[in-house]
Amino acid sequence: MTTELLDIALLILRVVVGGTLFAHGAQKAFGWWGGPGPSGWTAAIAKMGFRPAPLFAAISIGAELAGSLLVLGLLTSLAGLALIGQVVVIIGTAHFAKGFWNRDGGYEFALSLLGGIVALTLAGPGSISIDAAMGLEVAPVLRVAAVVVGVAGGLGTLLLQRLVTRPAG
């Protein structure tokens, strides 16, 4: 594959994956496209057992809005880290128990997004990006670290949520 085709492929992946996650964040942040808006999302977060709900709602909204950074190819590794953590939490909280298939509410779709985010974080944004235009090259070891920290942050958040919602006894 030529460098030009690879850069176009990375751009397409950034726009589709980042745009999808940004749209989900905009539903929560602004109530766009039939979304719950901030108060509805905070109530949903509370129902899922995250405490303090306003903090976790703000973190999840911010993480998904980082999809816009992925689209632009701006601070790509940092955006990837945040989005990886967010999607790990989404899978663990809302989809894993329902099995693989999306038709049953499973994690198929979220896993596809996660794969795209991990691939972009590891590969970098390509030359058609703000990172490239600004010379913000991230060393491969730091891109791998972003993936590891994102996964660990997501799993840590799930563990914290389970500990907070565990019945006393």
# chains A, B, ... in the order shown; residues from 1 in each chain; ligands from 1
$ residues_around --residues "A:Gly154" --least-positions-apart "6" --cutoff "7 Å" --atoms "only C-alpha atoms" --output "JSON, numbers by chain"
{"A": [85, 86, 88, 89]}
$ write_last_selection --atoms "N, CA and C atoms" --output "short mmCIF file (atom, residue, chain, number, x, y, z; two decimals), in the first residue's frame"
data_model
loop_
_atom_site.label_atom_id
_atom_site.label_comp_id
_atom_site.auth_asym_id
_atom_site.auth_seq_id
_atom_site.Cartn_x
_atom_site.Cartn_y
_atom_site.Cartn_z
N GLY A 85 -10.64 3.96 27.20
CA GLY A 85 -11.20 3.79 28.54
C GLY A 85 -12.71 3.86 28.54
N GLN A 86 -13.27 4.82 27.81
CA GLN A 86 -14.72 4.99 27.74
C GLN A 86 -15.39 3.76 27.14
N VAL A 88 -14.25 0.67 26.90
CA VAL A 88 -14.13 -0.47 27.81
C VAL A 88 -15.23 -0.40 28.88
N VAL A 89 -15.48 0.77 29.42
CA VAL A 89 -16.55 0.95 30.41
C VAL A 89 -17.92 0.68 29.77
#
$ residues_around --residues "A:Ala110" --least-positions-apart "6" --cutoff "9 Å" --atoms "only C-alpha atoms" --output "ChimeraX atom specification"
/A:87-88,90-91,95,102
$ closest_residue --among "A:Ala26, A:Ala94, A:Ile61, A:Leu142" --to "A:Tyr107" --atoms "only C-alpha atoms"
A:Ala94
$ closest_residue --among "A:Val71, A:Ala79, A:Ala152, A:Ile59" --to "A:Gly126" --atoms "only C-alpha atoms"
A:Val71
$ closest_residue --among "A:Leu113, A:Ile84, A:Ile128, A:Ile45" --to "A:Ile12" --atoms "only C-alpha atoms"
A:Ile128
$ atom_distance --atom1 "atom CA of A:Ile130" --atom2 "atom CA of A:Ile117"
17.3 Å
$ closest_residue --among "A:Ser112, A:Ser60, A:Thr20, A:Ser129" --to "A:Thr42" --atoms "only C-alpha atoms"
A:Ser60
$ residues_around --residues "A:Gly19" --least-positions-apart "6" --cutoff "12 Å" --atoms "only C-alpha atoms" --output "list in words"
Leu11, Ile12, Leu13, Gly25, Ala26, Glu64, Leu65, Ala66, Gly67, Ser68, Leu69, Leu70, Val71, Leu72, Gly73, Leu83, Leu113, Gly116 and Ile117 of chain A
$ write_last_selection --atoms "N, CA and C atoms" --output "CSV table (one decimal), in the first residue's frame"
chain,number,residue,atom,x,y,z
A,11,LEU,N,-7.4,8.5,7.6
A,11,LEU,CA,-8.4,9.6,7.7
A,11,LEU,C,-9.8,9.1,7.7
A,12,ILE,N,-10.1,8.1,6.8
A,12,ILE,CA,-11.5,7.6,6.8
A,12,ILE,C,-11.8,6.9,8.1
A,13,LEU,N,-10.9,6.1,8.7
A,13,LEU,CA,-11.1,5.5,10.0
A,13,LEU,C,-11.3,6.5,11.1
A,25,GLY,N,-21.4,11.4,22.2
A,25,GLY,CA,-21.1,12.4,23.3
A,25,GLY,C,-22.0,13.6,23.1
A,26,ALA,N,-22.3,14.0,21.9
A,26,ALA,CA,-23.2,15.2,21.7
A,26,ALA,C,-24.6,14.9,22.1
A,64,GLU,N,-16.2,11.0,25.2
A,64,GLU,CA,-16.9,10.7,23.9
A,64,GLU,C,-16.7,12.0,23.0
A,65,LEU,N,-16.8,13.2,23.6
A,65,LEU,CA,-16.6,14.3,22.7
A,65,LEU,C,-15.1,14.4,22.2
A,66,ALA,N,-14.2,13.7,22.8
A,66,ALA,CA,-12.8,13.6,22.3
A,66,ALA,C,-12.8,12.9,20.9
A,67,GLY,N,-13.9,12.3,20.6
A,67,GLY,CA,-14.0,11.8,19.2
A,67,GLY,C,-13.8,12.9,18.2
A,68,SER,N,-14.1,14.1,18.5
A,68,SER,CA,-13.8,15.2,17.6
A,68,SER,C,-12.3,15.4,17.4
A,69,LEU,N,-11.5,15.2,18.4
A,69,LEU,CA,-10.1,15.2,18.3
A,69,LEU,C,-9.6,14.1,17.4
A,70,LEU,N,-10.2,12.9,17.5
A,70,LEU,CA,-9.8,11.8,16.6
A,70,LEU,C,-10.1,12.2,15.1
A,71,VAL,N,-11.3,12.8,14.9
A,71,VAL,CA,-11.6,13.2,13.5
A,71,VAL,C,-10.6,14.1,13.0
A,72,LEU,N,-10.2,15.1,13.8
A,72,LEU,CA,-9.2,16.1,13.3
A,72,LEU,C,-7.8,15.6,13.3
A,73,GLY,N,-7.5,14.5,14.0
A,73,GLY,CA,-6.2,14.0,14.1
A,73,GLY,C,-5.4,15.0,15.0
A,83,LEU,N,-10.8,7.6,24.8
A,83,LEU,CA,-11.9,6.8,24.1
A,83,LEU,C,-11.8,5.3,24.4
A,113,LEU,N,-15.8,-0.4,17.4
A,113,LEU,CA,-15.3,0.9,17.7
A,113,LEU,C,-14.0,0.8,18.5
A,116,GLY,N,-11.2,-0.1,16.2
A,116,GLY,CA,-10.8,1.1,15.4
A,116,GLY,C,-9.9,2.1,16.2
A,117,ILE,N,-10.4,2.4,17.5
A,117,ILE,CA,-9.6,3.3,18.3
A,117,ILE,C,-8.2,2.8,18.6
$ atom_distance --atom1 "atom CA of A:Val141" --atom2 "atom CA of A:Arg14"
20.7 Å
$ residues_around --residues "stretch 162-164 of chain A" --least-positions-apart "2" --cutoff "8 Å" --atoms "only C-alpha atoms" --output "MDAnalysis selection string"
chainID A and resid 49:51 158:160 166
$ write_last_selection --atoms "N, CA and C atoms" --output "PDB file, in the first residue's frame"
ATOM      1  N   GLY A  49     -25.049   2.900  38.768  1.00  0.00           N
ATOM      2  CA  GLY A  49     -24.296   2.704  39.997  1.00  0.00           C
ATOM      3  C   GLY A  49     -23.005   3.488  40.103  1.00  0.00           C
ATOM      4  N   PHE A  50     -22.764   4.409  39.190  1.00  0.00           N
ATOM      5  CA  PHE A  50     -21.544   5.214  39.277  1.00  0.00           C
ATOM      6  C   PHE A  50     -21.760   6.355  40.262  1.00  0.00           C
ATOM      7  N   ARG A  51     -20.823   6.512  41.215  1.00  0.00           N
ATOM      8  CA  ARG A  51     -20.900   7.565  42.214  1.00  0.00           C
ATOM      9  C   ARG A  51     -19.559   8.279  42.295  1.00  0.00           C
ATOM     10  N   LEU A 158     -14.527   0.250  35.953  1.00  0.00           N
ATOM     11  CA  LEU A 158     -15.516  -0.815  36.147  1.00  0.00           C
ATOM     12  C   LEU A 158     -15.377  -1.447  37.529  1.00  0.00           C
ATOM     13  N   LEU A 159     -14.150  -1.664  37.958  1.00  0.00           N
ATOM     14  CA  LEU A 159     -13.918  -2.239  39.281  1.00  0.00           C
ATOM     15  C   LEU A 159     -14.429  -1.296  40.368  1.00  0.00           C
ATOM     16  N   LEU A 160     -14.129  -0.025  40.231  1.00  0.00           N
ATOM     17  CA  LEU A 160     -14.594   0.962  41.206  1.00  0.00           C
ATOM     18  C   LEU A 160     -16.125   0.982  41.269  1.00  0.00           C
ATOM     19  N   ARG A 166     -21.646  -2.716  45.316  1.00  0.00           N
ATOM     20  CA  ARG A 166     -21.749  -4.026  45.955  1.00  0.00           C
ATOM     21  C   ARG A 166     -22.623  -3.934  47.202  1.00  0.00           C
TER      22      ARG A 166
END
$ atom_distance --atom1 "atom CA of A:Gly34" --atom2 "atom CA of A:Gly106"
21.4 Å
$ select_by_dssp --residues "chain A" --states "helix (DSSP H, G or I)" --output "PyMOL selection string"
chain A and resi 3-30+32-34+37-47+53-65+67-72+76-98+102-104+108-123+130-134+140-165
$ residues_around --residues "A:Ser39" --least-positions-apart "5" --cutoff "10 Å" --atoms "only C-alpha atoms" --output "PyMOL selection string"
chain A and resi 28-31+44-45+54+57
$ write_last_selection --atoms "N, CA and C atoms" --output "short mmCIF file (atom, residue, chain, number, x, y, z; two decimals), in the first residue's frame"
data_model
loop_
_atom_site.label_atom_id
_atom_site.label_comp_id
_atom_site.auth_asym_id
_atom_site.auth_seq_id
_atom_site.Cartn_x
_atom_site.Cartn_y
_atom_site.Cartn_z
N LYS A 28 -25.37 13.09 24.65
CA LYS A 28 -25.35 13.21 26.12
C LYS A 28 -25.10 14.65 26.56
N ALA A 29 -24.22 15.34 25.87
CA ALA A 29 -23.84 16.70 26.29
C ALA A 29 -24.88 17.75 25.92
N PHE A 30 -25.49 17.60 24.73
CA PHE A 30 -26.35 18.65 24.20
C PHE A 30 -27.78 18.20 23.91
N GLY A 31 -28.07 16.91 24.10
CA GLY A 31 -29.39 16.39 23.79
C GLY A 31 -29.64 16.27 22.29
N ALA A 44 -28.95 8.48 34.16
CA ALA A 44 -28.62 7.14 33.67
C ALA A 44 -27.35 6.61 34.33
N ILE A 45 -26.36 7.47 34.48
CA ILE A 45 -25.10 7.07 35.13
C ILE A 45 -25.37 6.67 36.59
N PRO A 54 -22.63 12.88 38.84
CA PRO A 54 -22.28 14.03 37.99
C PRO A 54 -20.83 14.00 37.50
N ALA A 57 -20.63 11.24 34.81
CA ALA A 57 -21.33 11.71 33.61
C ALA A 57 -20.45 12.68 32.84
#
